[in-house]
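**Student:** My structure is below; once you've seen it, I'll send some questions.
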Amino acid sequence: MNIVVTGATGALGRLVVDELLATVPAERVAAVVRDKEKGADLADRGVELRVADYDEPATLDGAFRPGDRVLLVSGSEVGRRVPQHTVVIEAAKAAGVAQLAYTGVLGGPDADFDLAAEHRATEQLILDSGVPYTFLRNGWYTENYTAALPSVLEHGAVVGSAGDGRIASATRADYAAAAAAVLTGEGHLGRAYELSGDTAWSLAEYAAELTRQTGRTITYNEVPAETHLSILTGAGVPEPFARILVDVDAAIARGLLARTTGDLARLAGRPTTPLADTISAALTGV
C-alpha cells in the first residue's frame, strides 16, 4: 500500500509530503505531478513520481494502484476544478484505491458561497463514485492574508468587506499535518472533518496585531462590496476572481468561516498555529 499525494509540488501538497516522510518510508510515498522537473527534489528524497495532468485524462491511467491511499488536493484553477477532479475520481475508482481523501472547504454542503460550489460538487462526485473517502473540509489559510503584507504595510491598511465577521484560520502546515494523519491512520473512512484554527479573529483584530508587531499604525478599512471589488480589480486582480474574493468576505460576515470545531488540532496532534506566530514569521520575509 502506497500513500499518493496529488498536486504534490503545490504549496499544500509539498507540506503533506514533508509530514508523511517524517513517519513513513519514502518508498511508500508517491507524488502525482504535472511537471517531473518540479518534482525532482521529491524524487531525490526517494519519493516515487507519477506524472499526470488533470487536463489529459489518459495520463491518469497509471497514477493510482489497487490499495493506494490517495490525497486529492483540490485544483488551483477556479472554474475548472470539477472536470479536473472528475478525472482523478474516475481514475481512483478504476484503480481500486483504498481511500480517497479530498481537501474541500469548511462547511461542506452548507457552505453557500461561490468559491465553495466546486468543492460541494466534488464531494458529491466522490460519494456517487462509491470510492472509500475522507473529506478534509479546510477552513481559511492564514497565509491568504499574510501573503498580502507588502501591500498592507505600504498603505497602512487592511481593506475588506467582511464587517465584524471572524475567521478561524490555520496555516497550511497545520492542514498538512491533519491530512498526513488521516492518510497514515485508521478509522477515518466515511468521515468528514471540519478543519479550522483553534481561535477565530476579525480583520480589525488582524490589523491590530500587525500594528502591535510592526509598531506602525495599521487600520482595518471596511468598505462596501462594490468598492472592495473596484479596489481589487484596480490592483490587477481579474474581475471574476475579484468577485469571488468579495463574496468570500460576505461569507465571513455571515459567520461561515468562524467555526472552531477542534477537529484540526485533534488530527494534527497539537494546537493550531496562532495568528500572531504566522504574522511574525511572515514579517521576517517582508
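Each chain of the C-alpha cells is named A, B, ... in the order shown, its residues numbered from 1; ligands are numbered from 1 in display order.
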Any chance you could tabulate, as a tab-separated table, the residues of segment 158-216 of chain A at most 10 Å from segment 92-107 of chain A with each one's nearest atom pair and distance in Å to one decimal, using only C-alpha atoms, in chain and rising number order?
**Tutor:**
```
residue	atom	partner	partner_atom	distance
A:Ala168	CA	A:Leu106	CA	9.9
A:Tyr175	CA	A:Thr103	CA	9.2
A:Ala179	CA	A:Ala101	CA	8.1
A:Val182	CA	A:Ala101	CA	8.0
A:Leu183	CA	A:Ala101	CA	7.7
A:His188	CA	A:Gln99	CA	9.2
A:Leu189	CA	A:Gln99	CA	7.1
A:Gly190	CA	A:Gln99	CA	9.4
A:Arg191	CA	A:Ala101	CA	9.6
A:Ala192	CA	A:Ala101	CA	9.5
A:Tyr193	CA	A:Leu106	CA	8.6
A:Glu194	CA	A:Leu106	CA	5.6
A:Leu195	CA	A:Leu106	CA	6.5
A:Ser196	CA	A:Leu106	CA	7.5
```
**Student:** Print the selection's residues with all heavy atoms to a file, as a compact mmCIF listing (two decimals), in the first residue's frame.
**Tutor:**
```txt
# COMPACT_ATOMS: atom_id res chain seq x y z
N ALA A 168 -11.64 31.59 11.43
CA ALA A 168 -10.91 30.58 12.21
C ALA A 168 -9.85 29.94 11.31
O ALA A 168 -9.96 28.78 10.91
CB ALA A 168 -11.87 29.53 12.75
N TYR A 175 -2.89 22.23 8.28
CA TYR A 175 -3.77 21.38 7.47
C TYR A 175 -3.02 20.17 6.91
O TYR A 175 -3.57 19.07 6.80
CB TYR A 175 -4.39 22.18 6.33
CG TYR A 175 -5.37 23.24 6.80
CD1 TYR A 175 -5.05 24.59 6.72
CD2 TYR A 175 -6.60 22.89 7.32
CE1 TYR A 175 -5.94 25.57 7.14
CE2 TYR A 175 -7.50 23.86 7.76
CZ TYR A 175 -7.16 25.20 7.67
OH TYR A 175 -8.04 26.16 8.10
N ALA A 179 -3.89 16.16 7.24
CA ALA A 179 -4.01 15.28 6.07
C ALA A 179 -3.12 14.06 6.22
O ALA A 179 -3.53 12.92 5.94
CB ALA A 179 -3.67 16.05 4.80
N VAL A 182 -4.58 11.53 8.61
CA VAL A 182 -5.70 10.77 8.03
C VAL A 182 -5.19 9.72 7.05
O VAL A 182 -5.72 8.60 6.97
CB VAL A 182 -6.68 11.75 7.34
CG1 VAL A 182 -7.59 11.02 6.37
CG2 VAL A 182 -7.50 12.48 8.39
N LEU A 183 -4.14 10.04 6.31
CA LEU A 183 -3.60 9.11 5.32
C LEU A 183 -2.83 7.96 5.95
O LEU A 183 -2.71 6.88 5.36
CB LEU A 183 -2.68 9.86 4.34
CG LEU A 183 -3.38 10.87 3.42
CD1 LEU A 183 -2.36 11.77 2.76
CD2 LEU A 183 -4.22 10.15 2.37
N HIS A 188 -10.75 6.53 9.61
CA HIS A 188 -11.14 7.80 9.00
C HIS A 188 -12.06 7.64 7.78
O HIS A 188 -12.53 8.64 7.24
CB HIS A 188 -9.89 8.58 8.58
CG HIS A 188 -8.95 8.86 9.72
ND1 HIS A 188 -9.30 9.67 10.78
CD2 HIS A 188 -7.69 8.43 9.96
CE1 HIS A 188 -8.28 9.73 11.62
NE2 HIS A 188 -7.30 8.99 11.16
N LEU A 189 -12.30 6.42 7.34
CA LEU A 189 -13.12 6.23 6.15
C LEU A 189 -14.57 6.61 6.43
O LEU A 189 -15.12 6.34 7.50
CB LEU A 189 -13.05 4.78 5.68
CG LEU A 189 -11.68 4.29 5.19
CD1 LEU A 189 -11.78 2.85 4.69
CD2 LEU A 189 -11.15 5.19 4.09
N GLY A 190 -15.17 7.27 5.44
CA GLY A 190 -16.56 7.69 5.57
C GLY A 190 -16.76 8.86 6.51
O GLY A 190 -17.89 9.18 6.87
N ARG A 191 -15.67 9.54 6.87
CA ARG A 191 -15.75 10.66 7.81
C ARG A 191 -15.56 11.98 7.06
O ARG A 191 -14.88 12.07 6.05
CB ARG A 191 -14.64 10.55 8.87
CG ARG A 191 -14.69 9.30 9.72
CD ARG A 191 -15.80 9.33 10.74
NE ARG A 191 -15.64 10.45 11.67
CZ ARG A 191 -14.89 10.41 12.77
NH1 ARG A 191 -14.20 9.30 13.07
NH2 ARG A 191 -14.82 11.45 13.58
N ALA A 192 -16.17 13.02 7.61
CA ALA A 192 -15.99 14.39 7.11
C ALA A 192 -15.51 15.22 8.28
O ALA A 192 -16.19 15.32 9.31
CB ALA A 192 -17.28 14.95 6.54
N TYR A 193 -14.33 15.80 8.15
CA TYR A 193 -13.75 16.61 9.21
C TYR A 193 -13.85 18.09 8.87
O TYR A 193 -13.45 18.51 7.77
CB TYR A 193 -12.28 16.23 9.43
CG TYR A 193 -12.10 14.83 9.96
CD1 TYR A 193 -11.62 13.82 9.13
CD2 TYR A 193 -12.41 14.52 11.28
CE1 TYR A 193 -11.45 12.52 9.61
CE2 TYR A 193 -12.24 13.23 11.77
CZ TYR A 193 -11.76 12.23 10.93
OH TYR A 193 -11.60 10.96 11.41
N GLU A 194 -14.38 18.86 9.81
CA GLU A 194 -14.47 20.31 9.65
C GLU A 194 -13.21 20.92 10.28
O GLU A 194 -13.08 20.98 11.50
CB GLU A 194 -15.74 20.85 10.32
CG GLU A 194 -17.04 20.25 9.80
CD GLU A 194 -17.39 20.71 8.40
OE1 GLU A 194 -16.81 21.71 7.93
OE2 GLU A 194 -18.27 20.07 7.77
N LEU A 195 -12.29 21.33 9.44
CA LEU A 195 -10.96 21.72 9.90
C LEU A 195 -10.81 23.24 9.95
O LEU A 195 -11.04 23.93 8.97
CB LEU A 195 -9.89 21.13 8.98
CG LEU A 195 -9.96 19.60 8.82
CD1 LEU A 195 -8.88 19.11 7.87
CD2 LEU A 195 -9.84 18.90 10.16
N SER A 196 -10.40 23.74 11.12
CA SER A 196 -10.25 25.18 11.29
C SER A 196 -9.31 25.45 12.45
O SER A 196 -8.98 24.54 13.23
CB SER A 196 -11.61 25.84 11.56
OG SER A 196 -12.20 25.28 12.73
```
**Student:** Near Pro224 of chain A, counting only C-alpha atoms, which residues have an atom at most 8 Å away, once you skip same-chain residues fewer than 3 positions from it, shown as a list in words?
**Tutor:** Ser161, Thr227 and His228 of chain A
**Student:** Measuring between only C-alpha atoms, which one of A:Tyr54, A:Trp201, A:Phe113, A:Phe64 shows the shortest distance to Val29 of chain A?
**Tutor:** A:Phe64
**Student:** Identify which of the residues A:Gly197, A:Gly46, A:Pro83, A:Gly160 lies closest to Ile231 of chain A, counting only C-alpha atoms when measuring atom-to-atom distances.
**Tutor:**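 Between A:Gly197, A:Gly46, A:Pro83, A:Gly160, the residue approaching Ile231 of chain A most closely is A:Gly160.
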**Student:** Compare A:Ala52, A:Leu267, A:Leu256, A:Val87 by their minimum atom-to-atom distance to Leu136 of chain A, counting only C-alpha atoms, and give me the closest one.
**Tutor:** A:Leu267
**Student:** As a PDB file with N, CA and C atoms, in the first residue's frame, please: the residues near segment 212-223 of chain A (cut-off 10 Å, only C-alpha atoms, same-chain neighbours under 4 positions excluded).
**Tutor:**
```
ATOM      1  N   VAL A 152      -0.212  45.756   2.370  1.00  0.00           N
ATOM      2  CA  VAL A 152      -0.822  46.266   3.607  1.00  0.00           C
ATOM      3  C   VAL A 152       0.121  47.241   4.297  1.00  0.00           C
ATOM      4  N   LEU A 153       1.386  46.880   4.383  1.00  0.00           N
ATOM      5  CA  LEU A 153       2.354  47.746   5.054  1.00  0.00           C
ATOM      6  C   LEU A 153       2.592  49.029   4.264  1.00  0.00           C
ATOM      7  N   GLU A 154       2.545  48.915   2.945  1.00  0.00           N
ATOM      8  CA  GLU A 154       2.746  50.100   2.105  1.00  0.00           C
ATOM      9  C   GLU A 154       1.631  51.122   2.298  1.00  0.00           C
ATOM     10  N   HIS A 155       0.397  50.623   2.409  1.00  0.00           N
ATOM     11  CA  HIS A 155      -0.754  51.523   2.502  1.00  0.00           C
ATOM     12  C   HIS A 155      -1.220  51.752   3.943  1.00  0.00           C
ATOM     13  N   GLY A 156      -0.683  50.986   4.881  1.00  0.00           N
ATOM     14  CA  GLY A 156      -1.081  51.146   6.273  1.00  0.00           C
ATOM     15  C   GLY A 156      -2.503  50.721   6.547  1.00  0.00           C
ATOM     16  N   ALA A 157      -3.017  49.804   5.736  1.00  0.00           N
ATOM     17  CA  ALA A 157      -4.418  49.421   5.905  1.00  0.00           C
ATOM     18  C   ALA A 157      -4.692  48.021   5.385  1.00  0.00           C
ATOM     19  N   VAL A 158      -5.573  47.337   6.102  1.00  0.00           N
ATOM     20  CA  VAL A 158      -6.204  46.106   5.632  1.00  0.00           C
ATOM     21  C   VAL A 158      -7.568  46.518   5.116  1.00  0.00           C
ATOM     22  N   VAL A 159      -7.856  46.177   3.880  1.00  0.00           N
ATOM     23  CA  VAL A 159      -9.129  46.582   3.269  1.00  0.00           C
ATOM     24  C   VAL A 159      -9.998  45.348   3.051  1.00  0.00           C
ATOM     25  N   GLY A 160     -11.266  45.448   3.410  1.00  0.00           N
ATOM     26  CA  GLY A 160     -12.163  44.328   3.202  1.00  0.00           C
ATOM     27  C   GLY A 160     -13.612  44.733   3.346  1.00  0.00           C
ATOM     28  N   SER A 161     -14.482  43.764   3.140  1.00  0.00           N
ATOM     29  CA  SER A 161     -15.924  44.000   3.274  1.00  0.00           C
ATOM     30  C   SER A 161     -16.560  42.902   4.124  1.00  0.00           C
ATOM     31  N   ALA A 162     -15.791  42.418   5.112  1.00  0.00           N
ATOM     32  CA  ALA A 162     -16.233  41.304   5.949  1.00  0.00           C
ATOM     33  C   ALA A 162     -16.893  41.747   7.245  1.00  0.00           C
ATOM     34  N   GLY A 163     -16.979  43.063   7.479  1.00  0.00           N
ATOM     35  CA  GLY A 163     -17.590  43.554   8.697  1.00  0.00           C
ATOM     36  C   GLY A 163     -16.866  43.038   9.932  1.00  0.00           C
ATOM     37  N   ASP A 164     -17.657  42.625  10.920  1.00  0.00           N
ATOM     38  CA  ASP A 164     -17.088  42.086  12.153  1.00  0.00           C
ATOM     39  C   ASP A 164     -16.950  40.572  12.111  1.00  0.00           C
ATOM     40  N   SER A 202     -11.040  38.647  13.778  1.00  0.00           N
ATOM     41  CA  SER A 202     -11.640  39.546  12.789  1.00  0.00           C
ATOM     42  C   SER A 202     -10.538  40.286  12.051  1.00  0.00           C
ATOM     43  N   LEU A 203     -10.887  40.902  10.948  1.00  0.00           N
ATOM     44  CA  LEU A 203      -9.904  41.681  10.198  1.00  0.00           C
ATOM     45  C   LEU A 203      -9.422  42.883  11.000  1.00  0.00           C
ATOM     46  N   ALA A 204     -10.290  43.425  11.846  1.00  0.00           N
ATOM     47  CA  ALA A 204      -9.858  44.522  12.723  1.00  0.00           C
ATOM     48  C   ALA A 204      -8.807  44.030  13.710  1.00  0.00           C
ATOM     49  N   GLU A 205      -8.994  42.824  14.221  1.00  0.00           N
ATOM     50  CA  GLU A 205      -8.009  42.256  15.136  1.00  0.00           C
ATOM     51  C   GLU A 205      -6.705  41.920  14.420  1.00  0.00           C
ATOM     52  N   TYR A 206      -6.822  41.502  13.177  1.00  0.00           N
ATOM     53  CA  TYR A 206      -5.637  41.248  12.360  1.00  0.00           C
ATOM     54  C   TYR A 206      -4.838  42.535  12.187  1.00  0.00           C
ATOM     55  N   ALA A 207      -5.515  43.619  11.859  1.00  0.00           N
ATOM     56  CA  ALA A 207      -4.841  44.916  11.718  1.00  0.00           C
ATOM     57  C   ALA A 207      -4.204  45.349  13.030  1.00  0.00           C
ATOM     58  N   ALA A 208      -4.892  45.112  14.138  1.00  0.00           N
ATOM     59  CA  ALA A 208      -4.347  45.487  15.451  1.00  0.00           C
ATOM     60  C   ALA A 208      -3.088  44.696  15.777  1.00  0.00           C
ATOM     61  N   THR A 227     -17.180  48.683  -3.715  1.00  0.00           N
ATOM     62  CA  THR A 227     -15.914  49.407  -3.579  1.00  0.00           C
ATOM     63  C   THR A 227     -14.764  48.427  -3.435  1.00  0.00           C
ATOM     64  N   HIS A 228     -14.974  47.399  -2.662  1.00  0.00           N
ATOM     65  CA  HIS A 228     -13.963  46.354  -2.485  1.00  0.00           C
ATOM     66  C   HIS A 228     -13.609  45.738  -3.838  1.00  0.00           C
ATOM     67  N   LEU A 229     -14.630  45.458  -4.629  1.00  0.00           N
ATOM     68  CA  LEU A 229     -14.414  44.898  -5.963  1.00  0.00           C
ATOM     69  C   LEU A 229     -13.570  45.842  -6.822  1.00  0.00           C
ATOM     70  N   ILE A 231     -11.467  48.100  -5.840  1.00  0.00           N
ATOM     71  CA  ILE A 231     -10.087  48.150  -5.326  1.00  0.00           C
ATOM     72  C   ILE A 231      -9.291  46.942  -5.814  1.00  0.00           C
ATOM     73  N   ALA A 276      -0.731  35.346  15.595  1.00  0.00           N
ATOM     74  CA  ALA A 276       0.442  36.184  15.894  1.00  0.00           C
ATOM     75  C   ALA A 276       1.724  35.526  15.419  1.00  0.00           C
ATOM     76  N   ILE A 279       1.961  35.804  11.573  1.00  0.00           N
ATOM     77  CA  ILE A 279       2.318  37.173  11.198  1.00  0.00           C
ATOM     78  C   ILE A 279       3.803  37.418  11.454  1.00  0.00           C
ATOM     79  N   SER A 280       4.292  36.990  12.603  1.00  0.00           N
ATOM     80  CA  SER A 280       5.699  37.185  12.935  1.00  0.00           C
ATOM     81  C   SER A 280       6.609  36.532  11.911  1.00  0.00           C
ATOM     82  N   LEU A 283       6.472  38.496   8.605  1.00  0.00           N
ATOM     83  CA  LEU A 283       7.146  39.796   8.637  1.00  0.00           C
ATOM     84  C   LEU A 283       8.652  39.684   8.459  1.00  0.00           C
TER      85      LEU A 283
END
```
**Student:** Can you tell me which residues surround Asp55 of chain A at a distance of at most 12 Å, considering only C-alpha atoms, apart from same-chain residues fewer than 3 positions away, and format the answer as an NGL selection string?
**Tutor:** :A and (34 or 52 or 58-60 or 75 or 77 or 80-88)
**Student:** Which segment 57-89 of chain A residues have any atom within 12 Å of an atom of segment 232-247 of chain A, and for each, what is the nearest pair of atoms with distance in Å to one decimal, counting only C-alpha atoms, rows sorted by chain and number, as CSV?
**Tutor:**
```
residue,atom,partner,partner_atom,distance
A:Ser76,CA,A:Phe241,CA,12.0
A:Glu77,CA,A:Phe241,CA,10.4
A:Val78,CA,A:Phe241,CA,8.1
A:Gly79,CA,A:Phe241,CA,9.7
```
**Student:** Going by DSSP on the backbone, which bits of segment 27-265 of chain A are helix (DSSP H, G or I)? Write them as a PyMOL selection string, please.
**Tutor:** chain A and resi 27-28+37-44+57-60+81-95+108-110+114-129+143-146+149-155+172-184+203-214+225-234+239-253+263-265
**Student:** For Val16 of chain A, find every residue with an atom within 10 Å (counting only C-alpha atoms), except residues of its own chain fewer than 4 positions away, and show them as an mmCIF file with C-alpha atoms, in the first residue's frame.
**Tutor:**
```
data_model
loop_
_atom_site.group_PDB
_atom_site.id
_atom_site.type_symbol
_atom_site.label_atom_id
_atom_site.label_comp_id
_atom_site.auth_asym_id
_atom_site.auth_seq_id
_atom_site.Cartn_x
_atom_site.Cartn_y
_atom_site.Cartn_z
ATOM 1 C CA VAL A 5 -0.430 12.893 -2.941
ATOM 2 C CA ALA A 8 2.479 17.389 -4.722
ATOM 3 C CA GLY A 10 1.981 22.854 -4.781
ATOM 4 C CA ALA A 11 2.152 24.810 -1.545
ATOM 5 C CA LEU A 12 -0.057 22.392 0.423
ATOM 6 C CA LEU A 20 4.477 11.878 5.529
ATOM 7 C CA LEU A 21 8.231 11.474 5.167
ATOM 8 C CA LEU A 71 -4.993 12.615 -1.197
ATOM 9 C CA VAL A 73 -5.539 18.214 -3.223
ATOM 10 C CA ARG A 172 -1.034 25.265 5.504
ATOM 11 C CA ALA A 173 1.345 23.307 7.724
ATOM 12 C CA ASP A 174 -1.498 22.721 10.202
ATOM 13 C CA TYR A 175 -3.773 21.376 7.472
ATOM 14 C CA ALA A 176 -0.917 19.276 6.054
ATOM 15 C CA ALA A 177 -0.367 17.635 9.438
ATOM 16 C CA ALA A 178 -4.049 16.695 9.598
ATOM 17 C CA ALA A 179 -4.014 15.279 6.071
ATOM 18 C CA ALA A 180 -0.955 13.160 6.832
ATOM 19 C CA ALA A 181 -2.622 11.834 9.989
ATOM 20 C CA LEU A 183 -3.604 9.115 5.316
#
```
**Student:** Just asking: which residues within segment 63-203 of chain A are strand (DSSP E) according to DSSP, as a compact mmCIF listing (two decimals) with N, CA and C atoms, in the first residue's frame?
**Tutor:**
```txt
# COMPACT_ATOMS: atom_id res chain seq x y z
N ARG A 69 -3.68 4.72 -0.81
CA ARG A 69 -4.40 5.77 -0.09
C ARG A 69 -4.04 7.09 -0.78
N VAL A 70 -5.04 7.80 -1.25
CA VAL A 70 -4.81 8.95 -2.12
C VAL A 70 -5.33 10.23 -1.47
N LEU A 71 -4.53 11.28 -1.56
CA LEU A 71 -4.99 12.61 -1.20
C LEU A 71 -5.20 13.41 -2.47
N LEU A 72 -6.44 13.79 -2.74
CA LEU A 72 -6.74 14.69 -3.85
C LEU A 72 -6.72 16.11 -3.32
N GLN A 99 -8.55 4.43 -0.27
CA GLN A 99 -9.03 5.67 0.35
C GLN A 99 -8.78 6.83 -0.61
N LEU A 100 -9.77 7.71 -0.71
CA LEU A 100 -9.61 8.96 -1.44
C LEU A 100 -9.97 10.08 -0.47
N ALA A 101 -8.96 10.79 0.00
CA ALA A 101 -9.18 11.95 0.87
C ALA A 101 -9.19 13.19 0.00
N TYR A 102 -10.10 14.09 0.29
CA TYR A 102 -10.25 15.29 -0.55
C TYR A 102 -10.22 16.55 0.30
N THR A 103 -9.45 17.54 -0.13
CA THR A 103 -9.38 18.81 0.59
C THR A 103 -10.45 19.76 0.07
N GLY A 104 -11.58 19.80 0.76
CA GLY A 104 -12.68 20.66 0.39
C GLY A 104 -12.67 21.96 1.18
N VAL A 105 -13.86 22.41 1.58
CA VAL A 105 -13.96 23.69 2.27
C VAL A 105 -14.83 23.55 3.51
N TYR A 133 -13.90 7.12 1.15
CA TYR A 133 -13.50 8.53 1.16
C TYR A 133 -13.27 9.05 2.57
N THR A 134 -12.55 10.18 2.61
CA THR A 134 -12.48 11.03 3.80
C THR A 134 -12.51 12.46 3.30
N PHE A 135 -13.40 13.27 3.86
CA PHE A 135 -13.48 14.68 3.46
C PHE A 135 -12.73 15.54 4.48
N LEU A 136 -11.76 16.26 4.00
CA LEU A 136 -10.99 17.21 4.81
C LEU A 136 -11.46 18.61 4.43
N ARG A 137 -12.40 19.13 5.18
CA ARG A 137 -13.01 20.41 4.83
C ARG A 137 -12.20 21.55 5.46
N ASN A 138 -11.24 22.02 4.69
CA ASN A 138 -10.30 23.01 5.20
C ASN A 138 -10.94 24.39 5.32
N ALA A 157 -3.02 49.80 5.74
CA ALA A 157 -4.42 49.42 5.91
C ALA A 157 -4.69 48.02 5.39
N VAL A 158 -5.57 47.34 6.10
CA VAL A 158 -6.20 46.11 5.63
C VAL A 158 -7.57 46.52 5.12
N VAL A 159 -7.86 46.18 3.88
CA VAL A 159 -9.13 46.58 3.27
C VAL A 159 -10.00 45.35 3.05
N GLY A 160 -11.27 45.45 3.41
CA GLY A 160 -12.16 44.33 3.20
C GLY A 160 -13.61 44.73 3.35
N ARG A 166 -15.69 36.78 11.72
CA ARG A 166 -14.47 36.19 12.26
C ARG A 166 -14.00 35.04 11.38
N ILE A 167 -12.70 34.79 11.43
CA ILE A 167 -12.06 33.80 10.55
C ILE A 167 -11.25 32.84 11.42
N ARG A 191 -15.67 9.54 6.87
CA ARG A 191 -15.75 10.66 7.81
C ARG A 191 -15.56 11.98 7.06
N ALA A 192 -16.17 13.02 7.61
CA ALA A 192 -15.99 14.39 7.11
C ALA A 192 -15.51 15.22 8.28
N TYR A 193 -14.33 15.80 8.15
CA TYR A 193 -13.75 16.61 9.21
C TYR A 193 -13.85 18.09 8.87
N GLU A 194 -14.38 18.86 9.81
CA GLU A 194 -14.47 20.31 9.65
C GLU A 194 -13.21 20.92 10.28
N LEU A 195 -12.29 21.33 9.44
CA LEU A 195 -10.96 21.72 9.90
C LEU A 195 -10.81 23.24 9.95
N TRP A 201 -10.62 35.13 14.51
CA TRP A 201 -10.24 36.54 14.63
C TRP A 201 -10.92 37.35 13.54
N SER A 202 -11.04 38.65 13.78
CA SER A 202 -11.64 39.55 12.79
C SER A 202 -10.54 40.29 12.05
```
**Student:** Atom CA of Pro274 of chain A to atom CA of Gly165 of chain A: how many Å, to one decimal?
**Tutor:** 17.9 Å
